[in-house]
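Okay, so here's the structure we're looking at.
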There are 2 protein chains.
Amino acid sequence: MNTLSPTGRTRIRRHSERGRADRQDLYDVLDAGLICHLGVVIDDVPHVLPTGYGRDGDTLYLHGSTGARSLMAAAEDVEVCVAVTLVDGIVMARSVFNHSMNYRSAMVYGRPVSMVSDEEKLAGLRAVVDHLAPGQWDVLRPTNRKELAATSVLALSLAEASVKIRTGPSADEEDAPGVWSGVLPVRQVFEPPVPDPELPGGIAVPAHVAARVTR
Amino acid sequence: MNTLSPTGRTRIRRHSERGRADRQDLYDVLDAGLICHLGVVIDDVPHVLPTGYGRDGDTLYLHGSTGARSLMAAAEDVEVCVAVTLVDGIVMARSVFNHSMNYRSAMVYGRPVSMVSDEEKLAGLRAVVDHLAPGQWDVLRPTNRKELAATSVLALSLAEASVKIRTGPSADEEDAPGVWSGVLPVRQVFEPPVPDPELPGGIAVPAHVAARVTR
């Protein structure tokens, strides 16, 4: 089994029974998320930046698709923390104290490296597009040099990472008579695509987009 | 209009057209999210912690429902950044470069204060429960002193905050013939509740829980 080797920062101290040591669990959480939250320190102040990403093997590529290029630049070659969190349910117990959430959570620590060459940038962009919009890469025109020059992609090794997963009902110890207890499942779904109003008529939604719709 | 007054940290530099100045937009994003990501610096290293929260007026209450009490403790009285992000869609363009995401994003900076008295803790817990599980507070037995002693709640002022919202299709400038362009909407839904298997028979799902189901 390809395992995650805990360091002082990624060893799970609280609720260690929720920790997962299999590297595949890390891949699964990262691949299931849509955005990550990138933590970076600037002048002693933490900043948390929602960021698009993609994974290729043991490398996480970060792309500041939500703007904030300057914060992305500040994350180059310094210690960062990247969190990907999926909420799976609200755990309702018989007491306030035992309320909880079901979730899958990945945390990665490391020093991101900025992609410099066109080839590096393209590899990173491809990972991000394949993650957020699988199938799109093959139908798009090639990215031009001007676009590449304006693009910043960071690569972060997945060497130092941890995964926590909580499932199931509450850990209620008592039985408060008559009070319901259980989980309200939460799920992220894709709804039917909305074409760009300026799209010329006759261009149908491509199969790889339609296939993602979950309702 | 009750507005957000930008500081050096919350002034929106990139895509300023996406910034919102109305404080109500901040409330709407915070109230629509389920978890926040709390950024805190420990020994010069940023940590990003998924955290449950609730809002009461201009105070955000943070509760470490996902464990990691020690990280919560490290956030007391030091500068933190809290991000709440809702992904609303994947914006597919005709070029790689113009791919984007629709989202609502709130960012809050400040120094969280730890709740000390039972009254303070209960006020914070109530905000968190009302946010994550509205209606539950009224059906649960009172929280006891032992539980309160084991509970840590942080309060963060919403004085320094910013909001960014992106909507609509891509900003494609060119028309790549035949390539589809549009938005794949993303939505977080609540599925039918799953009762705790150890729940005694005859206890029905309460109306305030059933009412949240979106599909």
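Identifiers for the structure tokens are assigned positionally: chains receive A, B, ... in sequence, residues are indexed from 1 per chain, and ligands are indexed from 1 in the order shown.
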Env of Ser162 of chain B: 12 Å cut, atoms = only C-alpha atoms, seq-sep filter 5 positions within chain, self excluded. Answer as a compact mmCIF listing (two decimals) with N, CA, C and O atoms, in the first residue's frame.
```txt
# COMPACT_ATOMS: atom_id res chain seq x y z
N THR B 3 -22.62 49.68 4.21
CA THR B 3 -21.60 49.21 3.28
C THR B 3 -20.39 48.60 3.97
O THR B 3 -20.15 48.82 5.16
N LEU B 4 -19.64 47.82 3.21
CA LEU B 4 -18.36 47.27 3.64
C LEU B 4 -17.29 48.32 3.32
O LEU B 4 -17.18 48.74 2.18
N SER B 5 -16.52 48.74 4.31
CA SER B 5 -15.49 49.74 4.07
C SER B 5 -14.16 49.04 3.84
O SER B 5 -13.62 48.44 4.76
N PRO B 6 -13.64 49.10 2.62
CA PRO B 6 -12.43 48.34 2.34
C PRO B 6 -11.20 48.86 3.09
O PRO B 6 -11.03 50.06 3.27
N THR B 7 -10.36 47.92 3.54
CA THR B 7 -9.06 48.26 4.11
C THR B 7 -8.01 47.80 3.10
O THR B 7 -8.34 47.27 2.04
N GLY B 8 -6.75 47.98 3.43
CA GLY B 8 -5.68 47.52 2.54
C GLY B 8 -5.79 46.04 2.24
O GLY B 8 -5.43 45.58 1.16
N ARG B 9 -6.32 45.27 3.21
CA ARG B 9 -6.39 43.82 3.01
C ARG B 9 -7.64 43.38 2.27
O ARG B 9 -7.65 42.31 1.67
N THR B 10 -8.70 44.17 2.35
CA THR B 10 -9.94 43.71 1.76
C THR B 10 -10.30 44.45 0.47
O THR B 10 -11.30 44.13 -0.15
N ARG B 11 -9.49 45.45 0.10
CA ARG B 11 -9.76 46.13 -1.17
C ARG B 11 -9.54 45.13 -2.30
O ARG B 11 -8.53 44.42 -2.34
N ILE B 12 -10.48 45.08 -3.22
CA ILE B 12 -10.40 44.08 -4.28
C ILE B 12 -9.63 44.65 -5.45
O ILE B 12 -10.04 45.63 -6.07
N ARG B 13 -8.49 44.03 -5.75
CA ARG B 13 -7.61 44.56 -6.77
C ARG B 13 -7.85 43.90 -8.12
O ARG B 13 -7.83 44.55 -9.15
N SER B 16 -12.18 43.89 -10.02
CA SER B 16 -12.90 44.69 -9.03
C SER B 16 -14.38 44.80 -9.37
O SER B 16 -15.20 45.10 -8.50
N ARG B 18 -16.21 42.46 -9.74
CA ARG B 18 -16.89 41.38 -9.02
C ARG B 18 -17.10 41.70 -7.54
O ARG B 18 -17.74 40.94 -6.83
N GLY B 19 -16.50 42.78 -7.08
CA GLY B 19 -16.63 43.14 -5.67
C GLY B 19 -18.02 43.66 -5.34
O GLY B 19 -18.68 44.27 -6.17
N ARG B 20 -18.46 43.40 -4.14
CA ARG B 20 -19.75 43.91 -3.68
C ARG B 20 -19.50 44.75 -2.43
O ARG B 20 -18.73 44.35 -1.56
N ALA B 21 -20.18 45.87 -2.35
CA ALA B 21 -19.94 46.78 -1.21
C ALA B 21 -21.06 46.73 -0.18
O ALA B 21 -20.93 47.30 0.89
N ASP B 22 -22.17 46.06 -0.52
CA ASP B 22 -23.30 46.03 0.40
C ASP B 22 -23.07 44.96 1.47
O ASP B 22 -22.78 43.81 1.14
N ARG B 23 -23.21 45.35 2.71
CA ARG B 23 -23.02 44.41 3.82
C ARG B 23 -24.00 43.23 3.74
O ARG B 23 -23.71 42.13 4.17
N GLN B 24 -25.17 43.47 3.15
CA GLN B 24 -26.15 42.39 3.01
C GLN B 24 -25.59 41.26 2.13
O GLN B 24 -25.90 40.08 2.35
N ASP B 25 -24.77 41.60 1.13
CA ASP B 25 -24.15 40.56 0.29
C ASP B 25 -23.24 39.68 1.13
O ASP B 25 -23.16 38.47 0.92
N LEU B 26 -22.52 40.29 2.08
CA LEU B 26 -21.67 39.52 2.99
C LEU B 26 -22.53 38.55 3.81
O LEU B 26 -22.23 37.35 3.89
N TYR B 27 -23.62 39.07 4.38
CA TYR B 27 -24.50 38.20 5.17
C TYR B 27 -25.03 37.04 4.31
O TYR B 27 -25.08 35.90 4.75
N VAL B 29 -23.79 35.57 1.65
CA VAL B 29 -22.80 34.53 1.34
C VAL B 29 -22.52 33.70 2.59
O VAL B 29 -22.50 32.47 2.55
N LEU B 30 -22.33 34.37 3.72
CA LEU B 30 -22.04 33.64 4.96
C LEU B 30 -23.21 32.73 5.34
O LEU B 30 -23.01 31.59 5.78
N CYS B 81 -7.64 34.79 8.92
CA CYS B 81 -8.45 35.05 7.74
C CYS B 81 -9.46 33.91 7.62
O CYS B 81 -9.09 32.75 7.72
N VAL B 82 -10.72 34.27 7.45
CA VAL B 82 -11.76 33.25 7.29
C VAL B 82 -12.37 33.41 5.90
O VAL B 82 -12.78 34.51 5.52
N ALA B 83 -12.42 32.31 5.16
CA ALA B 83 -12.99 32.35 3.81
C ALA B 83 -14.19 31.42 3.73
O ALA B 83 -14.14 30.29 4.21
N VAL B 84 -15.27 31.93 3.14
CA VAL B 84 -16.44 31.10 2.82
C VAL B 84 -16.64 31.20 1.31
O VAL B 84 -16.75 32.30 0.77
N THR B 85 -16.64 30.05 0.63
CA THR B 85 -16.72 30.04 -0.82
C THR B 85 -17.82 29.12 -1.28
O THR B 85 -17.88 27.97 -0.85
N ARG B 104 -19.51 32.64 -5.23
CA ARG B 104 -19.72 33.70 -4.24
C ARG B 104 -18.67 33.48 -3.17
O ARG B 104 -18.55 32.38 -2.64
N SER B 105 -17.92 34.50 -2.85
CA SER B 105 -16.78 34.36 -1.95
C SER B 105 -16.75 35.48 -0.93
O SER B 105 -16.86 36.65 -1.28
N ALA B 106 -16.65 35.11 0.34
CA ALA B 106 -16.51 36.11 1.40
C ALA B 106 -15.19 35.89 2.12
O ALA B 106 -14.75 34.74 2.29
N MET B 107 -14.54 36.96 2.50
CA MET B 107 -13.28 36.88 3.22
C MET B 107 -13.33 37.84 4.40
O MET B 107 -13.71 39.01 4.23
N VAL B 108 -12.98 37.34 5.57
CA VAL B 108 -13.04 38.15 6.78
C VAL B 108 -11.68 38.12 7.46
O VAL B 108 -11.07 37.05 7.59
N TYR B 109 -11.19 39.29 7.86
CA TYR B 109 -9.93 39.38 8.61
C TYR B 109 -10.22 39.90 10.01
O TYR B 109 -11.09 40.75 10.18
```
Would you write out, as a Markdown table, a table of all residues in chain A that have an atom no more than 6 Å from an atom of chain B, listing for each the closest atom pair and the distance in Å to one decimal, considering only C-alpha atoms and ordering rows by chain and rising residue number?
```
| residue | atom | partner | partner_atom | distance |
| --- | --- | --- | --- | --- |
| A:Arg14 | CA | B:Ala68 | CA | 5.4 |
| A:Gly39 | CA | B:Pro46 | CA | 5.8 |
| A:Val40 | CA | B:Pro46 | CA | 5.8 |
| A:Pro46 | CA | B:Gly39 | CA | 5.8 |
| A:His47 | CA | B:Cys81 | CA | 5.6 |
| A:Val48 | CA | B:Gly39 | CA | 5.9 |
| A:Ser65 | CA | B:Ser100 | CA | 5.8 |
| A:Gly67 | CA | B:Arg14 | CA | 5.5 |
| A:Ala68 | CA | B:Arg14 | CA | 5.4 |
| A:Val80 | CA | B:Pro46 | CA | 5.9 |
| A:Cys81 | CA | B:His47 | CA | 5.6 |
| A:Ser95 | CA | B:Leu140 | CA | 5.6 |
| A:Ser100 | CA | B:Ser65 | CA | 5.9 |
| A:Leu140 | CA | B:Ser95 | CA | 5.6 |
| A:Pro169 | CA | B:Asp196 | CA | 5.5 |
| A:Ser181 | CA | B:Asp196 | CA | 5.6 |
| A:Gly182 | CA | B:Pro195 | CA | 4.1 |
| A:Val183 | CA | B:Val194 | CA | 5.1 |
| A:Leu184 | CA | B:Pro193 | CA | 4.5 |
| A:Pro185 | CA | B:Glu191 | CA | 5.2 |
| A:Val186 | CA | B:Phe190 | CA | 4.7 |
| A:Arg187 | CA | B:Val189 | CA | 5.4 |
| A:Gln188 | CA | B:Gln188 | CA | 4.4 |
| A:Val189 | CA | B:Arg187 | CA | 5.4 |
| A:Phe190 | CA | B:Val186 | CA | 4.7 |
| A:Glu191 | CA | B:Pro185 | CA | 5.2 |
| A:Pro193 | CA | B:Leu184 | CA | 4.5 |
| A:Val194 | CA | B:Val183 | CA | 5.1 |
| A:Pro195 | CA | B:Gly182 | CA | 4.1 |
| A:Asp196 | CA | B:Gly182 | CA | 4.3 |
```
Strand (DSSP E) per DSSP on the backbone: members of segment 51-190 of chain A, as a PyMOL selection string: chain A and resi 51-56+59-63+80-92+100-110+113-114+153-157+160-166+182-190
